Structure formats: C-alpha cells, structure tokens
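File shown here: upload-v7.pdb, holding PDB, C-alpha atoms.
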ATOM      1  CA  MET F 269    -167.089-122.585 123.898  1.00  0.00           C
ATOM      2  CA  SER F 270    -166.220-119.731 121.609  1.00  0.00           C
ATOM      3  CA  ASN F 271    -167.373-119.383 118.040  1.00  0.00           C
ATOM      4  CA  SER F 272    -164.292-118.485 115.963  1.00  0.00           C
ATOM      5  CA  SER F 273    -166.396-116.755 113.308  1.00  0.00           C
ATOM      6  CA  ASN F 274    -167.441-114.159 115.900  1.00  0.00           C
ATOM      7  CA  ALA F 275    -163.894-113.497 117.113  1.00  0.00           C
ATOM      8  CA  SER F 276    -162.588-109.977 116.747  1.00  0.00           C
ATOM      9  CA  PRO F 277    -159.744-109.217 114.320  1.00  0.00           C
ATOM     10  CA  LEU F 278    -157.513-108.596 117.337  1.00  0.00           C
ATOM     11  CA  SER F 279    -157.892-112.194 118.489  1.00  0.00           C
ATOM     12  CA  GLN F 280    -157.131-113.754 115.078  1.00  0.00           C
ATOM     13  CA  PRO F 281    -153.840-115.644 114.741  1.00  0.00           C
ATOM     14  CA  GLN F 282    -151.071-113.345 113.572  1.00  0.00           C
ATOM     15  CA  SER F 283    -149.137-113.990 110.373  1.00  0.00           C
ATOM     16  CA  SER F 284    -145.378-113.907 110.458  1.00  0.00           C
ATOM     17  CA  ALA F 285    -143.697-110.556 109.927  1.00  0.00           C
ATOM     18  CA  ALA F 286    -142.147-111.813 106.683  1.00  0.00           C
ATOM     19  CA  ALA F 287    -145.533-112.873 105.310  1.00  0.00           C
ATOM     20  CA  ILE F 288    -147.085-109.518 106.192  1.00  0.00           C
ATOM     21  CA  ASN F 289    -144.144-107.660 104.661  1.00  0.00           C
ATOM     22  CA  LEU F 290    -144.524-109.674 101.456  1.00  0.00           C
ATOM     23  CA  ARG F 291    -148.236-108.847 101.277  1.00  0.00           C
ATOM     24  CA  ILE F 292    -147.512-105.156 101.736  1.00  0.00           C
ATOM     25  CA  PHE F 293    -144.601-105.183  99.273  1.00  0.00           C
ATOM     26  CA  SER F 294    -146.745-106.818  96.574  1.00  0.00           C
ATOM     27  CA  VAL F 295    -148.961-103.732  96.535  1.00  0.00           C
ATOM     28  CA  VAL F 296    -146.379-101.069  97.375  1.00  0.00           C
ATOM     29  CA  VAL F 297    -144.430-101.951  94.229  1.00  0.00           C
ATOM     30  CA  LEU F 298    -147.381-100.554  92.244  1.00  0.00           C
ATOM     31  CA  THR F 299    -147.137 -97.274  94.141  1.00  0.00           C
ATOM     32  CA  PHE F 300    -143.425 -97.211  93.320  1.00  0.00           C
ATOM     33  CA  ILE F 301    -144.126 -97.689  89.597  1.00  0.00           C
ATOM     34  CA  CYS F 302    -146.689 -94.873  89.635  1.00  0.00           C
ATOM     35  CA  TYR F 303    -144.382 -92.425  91.361  1.00  0.00           C
ATOM     36  CA  LEU F 304    -141.433 -93.442  89.203  1.00  0.00           C
ATOM     37  CA  SER F 305    -143.500 -92.362  86.194  1.00  0.00           C
ATOM     38  CA  ILE F 306    -144.050 -89.058  88.001  1.00  0.00           C
ATOM     39  CA  GLY F 307    -140.386 -88.606  88.931  1.00  0.00           C
ATOM     40  CA  ILE F 308    -138.768 -89.444  85.598  1.00  0.00           C
ATOM     41  CA  PRO F 309    -140.100 -86.459  83.613  1.00  0.00           C
ATOM     42  CA  LEU F 310    -139.698 -83.953  86.476  1.00  0.00           C
ATOM     43  CA  ALA F 311    -136.069 -83.230  85.625  1.00  0.00           C
ATOM     44  CA  VAL F 312    -136.730 -82.428  81.957  1.00  0.00           C
ATOM     45  CA  LEU F 313    -140.225 -80.939  81.741  1.00  0.00           C
ATOM     46  CA  PRO F 314    -139.403 -77.377  82.863  1.00  0.00           C
ATOM     47  CA  GLY F 315    -136.489 -77.190  80.414  1.00  0.00           C
ATOM     48  CA  PHE F 316    -138.604 -78.624  77.618  1.00  0.00           C
ATOM     49  CA  ILE F 317    -141.445 -76.172  78.181  1.00  0.00           C
ATOM     50  CA  HIS F 318    -139.174 -73.156  78.668  1.00  0.00           C
ATOM     51  CA  GLY F 319    -136.259 -74.003  76.380  1.00  0.00           C
ATOM     52  CA  SER F 320    -137.650 -76.168  73.578  1.00  0.00           C
ATOM     53  CA  LEU F 321    -141.181 -74.791  73.367  1.00  0.00           C
ATOM     54  CA  GLY F 322    -140.164 -71.218  74.244  1.00  0.00           C
ATOM     55  CA  TYR F 323    -142.705 -70.556  76.991  1.00  0.00           C
ATOM     56  CA  SER F 324    -142.042 -68.556  80.154  1.00  0.00           C
ATOM     57  CA  SER F 325    -140.699 -70.004  83.374  1.00  0.00           C
ATOM     58  CA  PHE F 326    -144.133 -69.395  84.880  1.00  0.00           C
ATOM     59  CA  LEU F 327    -145.790 -71.639  82.271  1.00  0.00           C
ATOM     60  CA  ALA F 328    -143.047 -74.207  82.743  1.00  0.00           C
ATOM     61  CA  GLY F 329    -143.861 -74.329  86.454  1.00  0.00           C
ATOM     62  CA  LEU F 330    -147.568 -74.440  85.726  1.00  0.00           C
ATOM     63  CA  GLY F 331    -147.044 -77.288  83.253  1.00  0.00           C
ATOM     64  CA  VAL F 332    -145.431 -79.353  85.986  1.00  0.00           C
ATOM     65  CA  SER F 333    -147.810 -78.270  88.766  1.00  0.00           C
ATOM     66  CA  ILE F 334    -151.058 -78.989  86.927  1.00  0.00           C
ATOM     67  CA  GLN F 335    -150.598 -82.669  87.760  1.00  0.00           C
ATOM     68  CA  TYR F 336    -150.763 -81.978  91.488  1.00  0.00           C
ATOM     69  CA  ALA F 337    -153.919 -79.902  91.070  1.00  0.00           C
ATOM     70  CA  ALA F 338    -155.467 -82.802  89.140  1.00  0.00           C
ATOM     71  CA  THR F 339    -154.442 -85.195  91.918  1.00  0.00           C
ATOM     72  CA  LEU F 340    -156.045 -82.996  94.550  1.00  0.00           C
ATOM     73  CA  LEU F 341    -159.250 -82.567  92.557  1.00  0.00           C
ATOM     74  CA  THR F 342    -159.639 -86.260  91.691  1.00  0.00           C
ATOM     75  CA  ARG F 343    -158.838 -87.730  95.118  1.00  0.00           C
ATOM     76  CA  PRO F 344    -162.512 -87.784  96.259  1.00  0.00           C
ATOM     77  CA  PHE F 345    -163.469 -89.611  93.054  1.00  0.00           C
ATOM     78  CA  ALA F 346    -160.650 -92.090  93.657  1.00  0.00           C
ATOM     79  CA  GLY F 347    -161.925 -92.739  97.172  1.00  0.00           C
ATOM     80  CA  ARG F 348    -165.441 -93.376  95.900  1.00  0.00           C
ATOM     81  CA  SER F 349    -164.024 -95.641  93.179  1.00  0.00           C
ATOM     82  CA  VAL F 350    -162.091 -97.687  95.719  1.00  0.00           C
ATOM     83  CA  ASP F 351    -165.261 -98.020  97.795  1.00  0.00           C
ATOM     84  CA  SER F 352    -167.457 -99.024  94.862  1.00  0.00           C
ATOM     85  CA  LEU F 353    -165.069-100.960  92.574  1.00  0.00           C
ATOM     86  CA  GLY F 354    -162.576-102.218  95.115  1.00  0.00           C
ATOM     87  CA  PRO F 355    -158.951-101.208  95.574  1.00  0.00           C
ATOM     88  CA  LYS F 356    -157.483-103.695  93.098  1.00  0.00           C
ATOM     89  CA  ARG F 357    -159.730-102.466  90.278  1.00  0.00           C
ATOM     90  CA  ALA F 358    -158.978 -98.818  91.150  1.00  0.00           C
ATOM     91  CA  VAL F 359    -155.235 -99.528  90.952  1.00  0.00           C
ATOM     92  CA  GLN F 360    -155.690-101.315  87.626  1.00  0.00           C
ATOM     93  CA  ILE F 361    -157.581 -98.314  86.223  1.00  0.00           C
ATOM     94  CA  GLY F 362    -154.893 -96.003  87.594  1.00  0.00           C
ATOM     95  CA  LEU F 363    -152.139 -98.009  85.911  1.00  0.00           C
ATOM     96  CA  LEU F 364    -153.966 -97.907  82.572  1.00  0.00           C
ATOM     97  CA  VAL F 365    -154.433 -94.147  82.903  1.00  0.00           C
ATOM     98  CA  CYS F 366    -150.738 -93.868  83.791  1.00  0.00           C
ATOM     99  CA  ILE F 367    -149.914 -95.582  80.488  1.00  0.00           C
ATOM    100  CA  ALA F 368    -152.258 -93.180  78.671  1.00  0.00           C
ATOM    101  CA  SER F 369    -150.421 -90.285  80.305  1.00  0.00           C
ATOM    102  CA  GLY F 370    -147.151 -91.656  78.951  1.00  0.00           C
ATOM    103  CA  ILE F 371    -148.629 -91.845  75.460  1.00  0.00           C
ATOM    104  CA  PHE F 372    -149.733 -88.207  75.709  1.00  0.00           C
ATOM    105  CA  LEU F 373    -146.235 -87.296  76.923  1.00  0.00           C
ATOM    106  CA  LEU F 374    -144.725 -89.044  73.920  1.00  0.00           C
ATOM    107  CA  LEU F 375    -147.102 -87.090  71.665  1.00  0.00           C
ATOM    108  CA  THR F 376    -145.955 -83.917  73.407  1.00  0.00           C
ATOM    109  CA  ALA F 377    -142.389 -84.587  72.293  1.00  0.00           C
ATOM    110  CA  LEU F 378    -143.459 -85.518  68.773  1.00  0.00           C
ATOM    111  CA  LEU F 379    -145.465 -82.282  68.456  1.00  0.00           C
ATOM    112  CA  HIS F 380    -142.632 -79.993  69.632  1.00  0.00           C
ATOM    113  CA  ALA F 381    -142.618 -78.213  66.248  1.00  0.00           C
ATOM    114  CA  VAL F 382    -146.100 -76.865  67.085  1.00  0.00           C
ATOM    115  CA  PRO F 383    -145.507 -75.380  70.559  1.00  0.00           C
ATOM    116  CA  LEU F 384    -149.125 -74.641  71.503  1.00  0.00           C
ATOM    117  CA  LEU F 385    -150.332 -78.106  70.507  1.00  0.00           C
ATOM    118  CA  SER F 386    -147.350 -79.656  72.295  1.00  0.00           C
ATOM    119  CA  LEU F 387    -148.103 -77.678  75.469  1.00  0.00           C
ATOM    120  CA  LEU F 388    -151.791 -78.616  75.381  1.00  0.00           C
ATOM    121  CA  THR F 389    -150.888 -82.287  74.949  1.00  0.00           C
ATOM    122  CA  LEU F 390    -148.480 -81.947  77.864  1.00  0.00           C
ATOM    123  CA  VAL F 391    -151.257 -80.502  80.036  1.00  0.00           C
ATOM    124  CA  ILE F 392    -153.476 -83.471  79.137  1.00  0.00           C
ATOM    125  CA  SER F 393    -150.620 -85.828  80.000  1.00  0.00           C
ATOM    126  CA  ARG F 394    -150.038 -84.177  83.373  1.00  0.00           C
ATOM    127  CA  MET F 395    -153.741 -84.104  84.231  1.00  0.00           C
ATOM    128  CA  THR F 396    -154.200 -87.775  83.373  1.00  0.00           C
ATOM    129  CA  LEU F 397    -151.108 -88.585  85.441  1.00  0.00           C
ATOM    130  CA  GLY F 398    -152.640 -86.699  88.370  1.00  0.00           C
ATOM    131  CA  PHE F 399    -155.794 -88.793  88.059  1.00  0.00           C
ATOM    132  CA  ALA F 400    -153.698 -91.977  87.864  1.00  0.00           C
ATOM    133  CA  GLU F 401    -151.816 -90.913  90.993  1.00  0.00           C
ATOM    134  CA  SER F 402    -155.119 -90.525  92.848  1.00  0.00           C
ATOM    135  CA  MET F 403    -156.405 -93.921  91.799  1.00  0.00           C
ATOM    136  CA  ILE F 404    -153.155 -95.780  92.460  1.00  0.00           C
ATOM    137  CA  GLY F 405    -152.297 -93.982  95.691  1.00  0.00           C
ATOM    138  CA  THR F 406    -155.732 -94.397  97.231  1.00  0.00           C
ATOM    139  CA  GLY F 407    -156.247 -97.905  95.885  1.00  0.00           C
ATOM    140  CA  ALA F 408    -152.819 -99.223  96.849  1.00  0.00           C
ATOM    141  CA  ILE F 409    -153.111 -98.108 100.457  1.00  0.00           C
ATOM    142  CA  SER F 410    -156.593 -99.613 100.777  1.00  0.00           C
ATOM    143  CA  TRP F 411    -155.489-102.793  99.021  1.00  0.00           C
ATOM    144  CA  GLY F 412    -152.424-103.092 101.228  1.00  0.00           C
ATOM    145  CA  ILE F 413    -154.502-102.663 104.380  1.00  0.00           C
ATOM    146  CA  GLY F 414    -156.889-105.320 103.104  1.00  0.00           C
ATOM    147  CA  LYS F 415    -154.021-107.734 102.447  1.00  0.00           C
ATOM    148  CA  ALA F 416    -152.060-107.075 105.645  1.00  0.00           C
ATOM    149  CA  GLY F 417    -154.947-106.390 108.031  1.00  0.00           C
ATOM    150  CA  VAL F 418    -156.011-103.237 109.820  1.00  0.00           C
ATOM    151  CA  LEU F 419    -153.508-103.842 112.619  1.00  0.00           C
ATOM    152  CA  HIS F 420    -150.765-103.136 110.075  1.00  0.00           C
ATOM    153  CA  THR F 421    -152.261 -99.926 108.674  1.00  0.00           C
ATOM    154  CA  PRO F 422    -149.339 -97.754 109.881  1.00  0.00           C
ATOM    155  CA  ARG F 423    -146.853-100.080 108.196  1.00  0.00           C
ATOM    156  CA  VAL F 424    -148.823-100.033 104.913  1.00  0.00           C
ATOM    157  CA  ILE F 425    -148.996 -96.236 104.942  1.00  0.00           C
ATOM    158  CA  ALA F 426    -145.318 -95.894 105.873  1.00  0.00           C
ATOM    159  CA  TRP F 427    -144.176 -98.277 103.135  1.00  0.00           C
ATOM    160  CA  ASN F 428    -146.288 -96.400 100.597  1.00  0.00           C
ATOM    161  CA  GLY F 429    -144.632 -93.177 101.730  1.00  0.00           C
ATOM    162  CA  VAL F 430    -141.182 -94.702 101.323  1.00  0.00           C
ATOM    163  CA  ALA F 431    -142.134 -96.010  97.862  1.00  0.00           C
ATOM    164  CA  THR F 432    -143.417 -92.567  96.871  1.00  0.00           C
ATOM    165  CA  SER F 433    -140.342 -90.650  98.019  1.00  0.00           C
ATOM    166  CA  SER F 434    -137.885 -93.230  96.702  1.00  0.00           C
ATOM    167  CA  ALA F 435    -139.484 -93.391  93.274  1.00  0.00           C
ATOM    168  CA  ILE F 436    -139.491 -89.629  92.824  1.00  0.00           C
ATOM    169  CA  ALA F 437    -135.900 -89.392  94.056  1.00  0.00           C
ATOM    170  CA  ILE F 438    -134.769 -92.179  91.715  1.00  0.00           C
ATOM    171  CA  GLY F 439    -136.888 -90.941  88.795  1.00  0.00           C
ATOM    172  CA  ALA F 440    -135.322 -87.520  88.379  1.00  0.00           C
ATOM    173  CA  PRO F 441    -131.745 -88.723  87.777  1.00  0.00           C
ATOM    174  CA  VAL F 442    -132.965 -91.580  85.573  1.00  0.00           C
TER     175      VAL F 442
END

Translate the structure of the given file into structure tokens.
Amino acid sequence: MSNSSNASPLSQPQSSAAAINLRIFSVVVLTFICYLSIGIPLAVLPGFIHGSLGYSSFLAGLGVSIQYAATLLTRPFAGRSVDSLGPKRAVQIGLLVCIASGIFLLLTALLHAVPLLSLLTLVISRMTLGFAESMIGTGAISWGIGKAGVLHTPRVIAWNGVATSSAIAIGAPV
C-alpha cells in the first residue's frame, strides 16, 4: 500500500494541457503588461531626450539604457524577494513600482521646460522601471512554475519569453 502524501511530483496525476496553459497564461499576462510599459516609451524617448531636451545622442542612448543597468543590478534583490516574500507579492510590488515609474515619466514630460530636471526625472523613471522589471520578471516565472508545476518549467519560461518579446514589439508602434 502506497502513501499518496509521499509520492513524488512525477507520479502525481497530470492536469489537462488546457488547465496548465490557463495557469501559465494567468501569470504571463503580468509579464506582458510589464514589458508593454517598457516597449511603449522606447520609440519616443531618444527623440525626446535629443530633440526636445536638447541633449546629445549619447545621453539619449544612456537615458534609455539606464533601465537595463538597473534591471541587471536589482535582479539578485528580486530573487531574494521572491524567496522571502513569495512570487505573487514580488510581482505585486513590481507592478506598483511600474506605476510609480509611469508617474515619474509623466513628470518628465511636464518638466520639459527645465531640461536638466526633466532628464533627472527620466533617469529616476527608467531606474524604477528596471527594478520593476526585475521583480515582475523573476516573480512571474517563479509564480508560473508554482502554478503549473516543475514539470512545466520550460513552458513557463518560454511563454514568458514570448510575452516579453511580443510586448516590446507591440509597445513601440503603440
């Protein structure tokens, strides 16, 4: 007689493919929202920094790129946050920080008459967006794996990749 509580995850009854896909999709949509907020301003930020604010092309590139540096630097913190707070809470924090980034971006546009202040606000916006990307990206993958099961890890990661690329591709023309 086998004790079902001691059974390995590999011997557990499998959910239907549609149910697993729905579990993954419910989390991947949050990744899509995050990366859509990254993709939308990409088409206009360099022109705004260079044309409207009057800064060099180098600073325009740096203004866009600072987000990716922030993402890289905050990824370890995001991983620790997912471990200590749980993936759902990390994603929630990331979404709130994403909203804060949008508010800073709005302030950037409102402060365009004061170029240095506008640029500094833009840098804050991009850095907070980089942090949000870390929290949402790390949390969503962990959350998706938790919802779908470790056997479906490749599918969770692949769907997050598709959501990321699609959102950035859709965001720029929007």

Sorted by chain and rising residue number, which residues of region 292-345 of chain F lie within 12 Å of region 414-422 of chain F, and what are their closest atom pairs and distances in Å to one decimal, counting only C-alpha atoms, as a tab-separated table?
residue	atom	partner	partner_atom	distance
F:Ile292	CA	F:Ala416	CA	6.3
F:Phe293	CA	F:Ala416	CA	10.0
F:Ser294	CA	F:Lys415	CA	9.4
F:Val295	CA	F:Lys415	CA	8.8
F:Val296	CA	F:Lys415	CA	11.3

Please produce a file of the residues just selected, as a compact mmCIF listing (two decimals), in the coordinates of the input, where the atoms kept are C-alpha atoms.
# COMPACT_ATOMS: atom_id res chain seq x y z
CA ILE F 292 -147.51 -105.16 101.74
CA PHE F 293 -144.60 -105.18 99.27
CA SER F 294 -146.74 -106.82 96.57
CA VAL F 295 -148.96 -103.73 96.54
CA VAL F 296 -146.38 -101.07 97.38

Q | Spatial neighbours of Thr299 (chain F), max dist 10 Å, only C-alpha atoms, sep filter under 3 positions, as a list in words | A | Phe293, Ser294, Val295, Val296, Cys302, Tyr303, Leu304, Val359, Leu363, Glu401, Ile404, Gly405, Thr406, Gly407, Ala408, Ile409, Trp427, Asn428, Gly429, Val430, Ala431, Thr432 and Ala435 of chain F

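Across F:Leu364, F:Ala400, F:Ile308, F:Leu321, the tightest approach to Ala437 (chain F) is made by F:Ile308 when counting all atoms listed in the file.
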
Q | Nearest-residue call for Ile371 (chain F), choices F:Leu385, F:Leu390, F:Leu353, F:Val442, using all atoms listed in the file | A |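 Residue with the minimum atom-to-atom distance to Ile371 (chain F): F:Leu390.
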
Q: Please write as a list in words the full residue list that the PyMOL selection byres ((chain F and resi 389) around 9) yields on this file.
A: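 Checking the PyMOL selection byres ((chain F and resi 389) around 9) against this file, the residues are Phe372, Leu373, Leu375, Thr376, Leu379, Leu384, Leu385, Ser386, Leu387, Leu388, Leu390, Val391, Ile392, Ser393 and Arg394 of chain F.
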
Could you write out that same residue set with C-alpha atoms as a PDB file, in the coordinates of the input?
ATOM      1  CA  PHE F 372    -149.733 -88.207  75.709  1.00  0.00           C
ATOM      2  CA  LEU F 373    -146.235 -87.296  76.923  1.00  0.00           C
ATOM      3  CA  LEU F 375    -147.102 -87.090  71.665  1.00  0.00           C
ATOM      4  CA  THR F 376    -145.955 -83.917  73.407  1.00  0.00           C
ATOM      5  CA  LEU F 379    -145.465 -82.282  68.456  1.00  0.00           C
ATOM      6  CA  LEU F 384    -149.125 -74.641  71.503  1.00  0.00           C
ATOM      7  CA  LEU F 385    -150.332 -78.106  70.507  1.00  0.00           C
ATOM      8  CA  SER F 386    -147.350 -79.656  72.295  1.00  0.00           C
ATOM      9  CA  LEU F 387    -148.103 -77.678  75.469  1.00  0.00           C
ATOM     10  CA  LEU F 388    -151.791 -78.616  75.381  1.00  0.00           C
ATOM     11  CA  LEU F 390    -148.480 -81.947  77.864  1.00  0.00           C
ATOM     12  CA  VAL F 391    -151.257 -80.502  80.036  1.00  0.00           C
ATOM     13  CA  ILE F 392    -153.476 -83.471  79.137  1.00  0.00           C
ATOM     14  CA  SER F 393    -150.620 -85.828  80.000  1.00  0.00           C
ATOM     15  CA  ARG F 394    -150.038 -84.177  83.373  1.00  0.00           C
TER      16      ARG F 394
END

Q. How many Å lie between CA of Ser369 (chain F) and CA of Gly329 (chain F), rounded to one decimal?
A.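 Value for the CA of Ser369 (chain F)-CA of Gly329 (chain F) distance: 18.3 Å.
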
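Closest to Phe399 (chain F) among F:Leu327, F:Val350, F:Cys366, F:Leu298 is F:Cys366, based on only C-alpha atoms.
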
N, CA, C and O atoms are needed for region 382-401 of chain F; please write them out as a PDB file, in the frame of the given file.
ATOM      1  N   VAL F 382    -144.894 -77.694  66.930  1.00  0.00           N
ATOM      2  CA  VAL F 382    -146.100 -76.865  67.085  1.00  0.00           C
ATOM      3  C   VAL F 382    -146.256 -76.617  68.589  1.00  0.00           C
ATOM      4  O   VAL F 382    -146.963 -77.359  69.278  1.00  0.00           O
ATOM      5  N   PRO F 383    -145.591 -75.576  69.110  1.00  0.00           N
ATOM      6  CA  PRO F 383    -145.507 -75.380  70.559  1.00  0.00           C
ATOM      7  C   PRO F 383    -146.848 -75.371  71.307  1.00  0.00           C
ATOM      8  O   PRO F 383    -146.952 -75.992  72.364  1.00  0.00           O
ATOM      9  N   LEU F 384    -147.851 -74.700  70.781  1.00  0.00           N
ATOM     10  CA  LEU F 384    -149.125 -74.641  71.503  1.00  0.00           C
ATOM     11  C   LEU F 384    -149.765 -76.027  71.596  1.00  0.00           C
ATOM     12  O   LEU F 384    -150.233 -76.432  72.673  1.00  0.00           O
ATOM     13  N   LEU F 385    -149.764 -76.762  70.504  1.00  0.00           N
ATOM     14  CA  LEU F 385    -150.332 -78.106  70.507  1.00  0.00           C
ATOM     15  C   LEU F 385    -149.526 -79.031  71.427  1.00  0.00           C
ATOM     16  O   LEU F 385    -150.089 -79.853  72.165  1.00  0.00           O
ATOM     17  N   SER F 386    -148.215 -78.874  71.422  1.00  0.00           N
ATOM     18  CA  SER F 386    -147.350 -79.656  72.295  1.00  0.00           C
ATOM     19  C   SER F 386    -147.652 -79.352  73.761  1.00  0.00           C
ATOM     20  O   SER F 386    -147.765 -80.266  74.585  1.00  0.00           O
ATOM     21  N   LEU F 387    -147.800 -78.072  74.090  1.00  0.00           N
ATOM     22  CA  LEU F 387    -148.103 -77.678  75.469  1.00  0.00           C
ATOM     23  C   LEU F 387    -149.471 -78.200  75.902  1.00  0.00           C
ATOM     24  O   LEU F 387    -149.621 -78.701  77.018  1.00  0.00           O
ATOM     25  N   LEU F 388    -150.457 -78.111  75.040  1.00  0.00           N
ATOM     26  CA  LEU F 388    -151.791 -78.616  75.381  1.00  0.00           C
ATOM     27  C   LEU F 388    -151.769 -80.128  75.596  1.00  0.00           C
ATOM     28  O   LEU F 388    -152.413 -80.642  76.517  1.00  0.00           O
ATOM     29  N   THR F 389    -151.017 -80.840  74.779  1.00  0.00           N
ATOM     30  CA  THR F 389    -150.888 -82.287  74.949  1.00  0.00           C
ATOM     31  C   THR F 389    -150.166 -82.603  76.253  1.00  0.00           C
ATOM     32  O   THR F 389    -150.521 -83.548  76.960  1.00  0.00           O
ATOM     33  N   LEU F 390    -149.185 -81.778  76.600  1.00  0.00           N
ATOM     34  CA  LEU F 390    -148.480 -81.947  77.864  1.00  0.00           C
ATOM     35  C   LEU F 390    -149.427 -81.749  79.051  1.00  0.00           C
ATOM     36  O   LEU F 390    -149.393 -82.514  80.019  1.00  0.00           O
ATOM     37  N   VAL F 391    -150.279 -80.749  78.967  1.00  0.00           N
ATOM     38  CA  VAL F 391    -151.257 -80.502  80.036  1.00  0.00           C
ATOM     39  C   VAL F 391    -152.187 -81.706  80.189  1.00  0.00           C
ATOM     40  O   VAL F 391    -152.474 -82.150  81.304  1.00  0.00           O
ATOM     41  N   ILE F 392    -152.629 -82.271  79.082  1.00  0.00           N
ATOM     42  CA  ILE F 392    -153.476 -83.471  79.137  1.00  0.00           C
ATOM     43  C   ILE F 392    -152.706 -84.620  79.790  1.00  0.00           C
ATOM     44  O   ILE F 392    -153.234 -85.339  80.643  1.00  0.00           O
ATOM     45  N   SER F 393    -151.448 -84.782  79.416  1.00  0.00           N
ATOM     46  CA  SER F 393    -150.620 -85.828  80.000  1.00  0.00           C
ATOM     47  C   SER F 393    -150.502 -85.651  81.507  1.00  0.00           C
ATOM     48  O   SER F 393    -150.662 -86.612  82.268  1.00  0.00           O
ATOM     49  N   ARG F 394    -150.221 -84.439  81.941  1.00  0.00           N
ATOM     50  CA  ARG F 394    -150.038 -84.177  83.373  1.00  0.00           C
ATOM     51  C   ARG F 394    -151.341 -84.350  84.143  1.00  0.00           C
ATOM     52  O   ARG F 394    -151.348 -84.867  85.256  1.00  0.00           O
ATOM     53  N   MET F 395    -152.454 -83.953  83.547  1.00  0.00           N
ATOM     54  CA  MET F 395    -153.741 -84.104  84.231  1.00  0.00           C
ATOM     55  C   MET F 395    -154.132 -85.579  84.336  1.00  0.00           C
ATOM     56  O   MET F 395    -154.637 -86.014  85.380  1.00  0.00           O
ATOM     57  N   THR F 396    -153.887 -86.350  83.294  1.00  0.00           N
ATOM     58  CA  THR F 396    -154.200 -87.775  83.373  1.00  0.00           C
ATOM     59  C   THR F 396    -153.273 -88.471  84.371  1.00  0.00           C
ATOM     60  O   THR F 396    -153.700 -89.371  85.093  1.00  0.00           O
ATOM     61  N   LEU F 397    -152.028 -88.019  84.461  1.00  0.00           N
ATOM     62  CA  LEU F 397    -151.108 -88.585  85.441  1.00  0.00           C
ATOM     63  C   LEU F 397    -151.562 -88.256  86.862  1.00  0.00           C
ATOM     64  O   LEU F 397    -151.453 -89.084  87.768  1.00  0.00           O
ATOM     65  N   GLY F 398    -152.090 -87.068  87.059  1.00  0.00           N
ATOM     66  CA  GLY F 398    -152.640 -86.699  88.370  1.00  0.00           C
ATOM     67  C   GLY F 398    -153.806 -87.584  88.762  1.00  0.00           C
ATOM     68  O   GLY F 398    -153.927 -88.015  89.913  1.00  0.00           O
ATOM     69  N   PHE F 399    -154.679 -87.880  87.804  1.00  0.00           N
ATOM     70  CA  PHE F 399    -155.794 -88.793  88.059  1.00  0.00           C
ATOM     71  C   PHE F 399    -155.273 -90.188  88.380  1.00  0.00           C
ATOM     72  O   PHE F 399    -155.740 -90.841  89.323  1.00  0.00           O
ATOM     73  N   ALA F 400    -154.288 -90.656  87.615  1.00  0.00           N
ATOM     74  CA  ALA F 400    -153.698 -91.977  87.864  1.00  0.00           C
ATOM     75  C   ALA F 400    -153.089 -92.040  89.260  1.00  0.00           C
ATOM     76  O   ALA F 400    -153.253 -93.042  89.977  1.00  0.00           O
ATOM     77  N   GLU F 401    -152.414 -90.968  89.658  1.00  0.00           N
ATOM     78  CA  GLU F 401    -151.816 -90.913  90.993  1.00  0.00           C
ATOM     79  C   GLU F 401    -152.884 -91.059  92.078  1.00  0.00           C
ATOM     80  O   GLU F 401    -152.685 -91.762  93.063  1.00  0.00           O
TER      81      GLU F 401
END
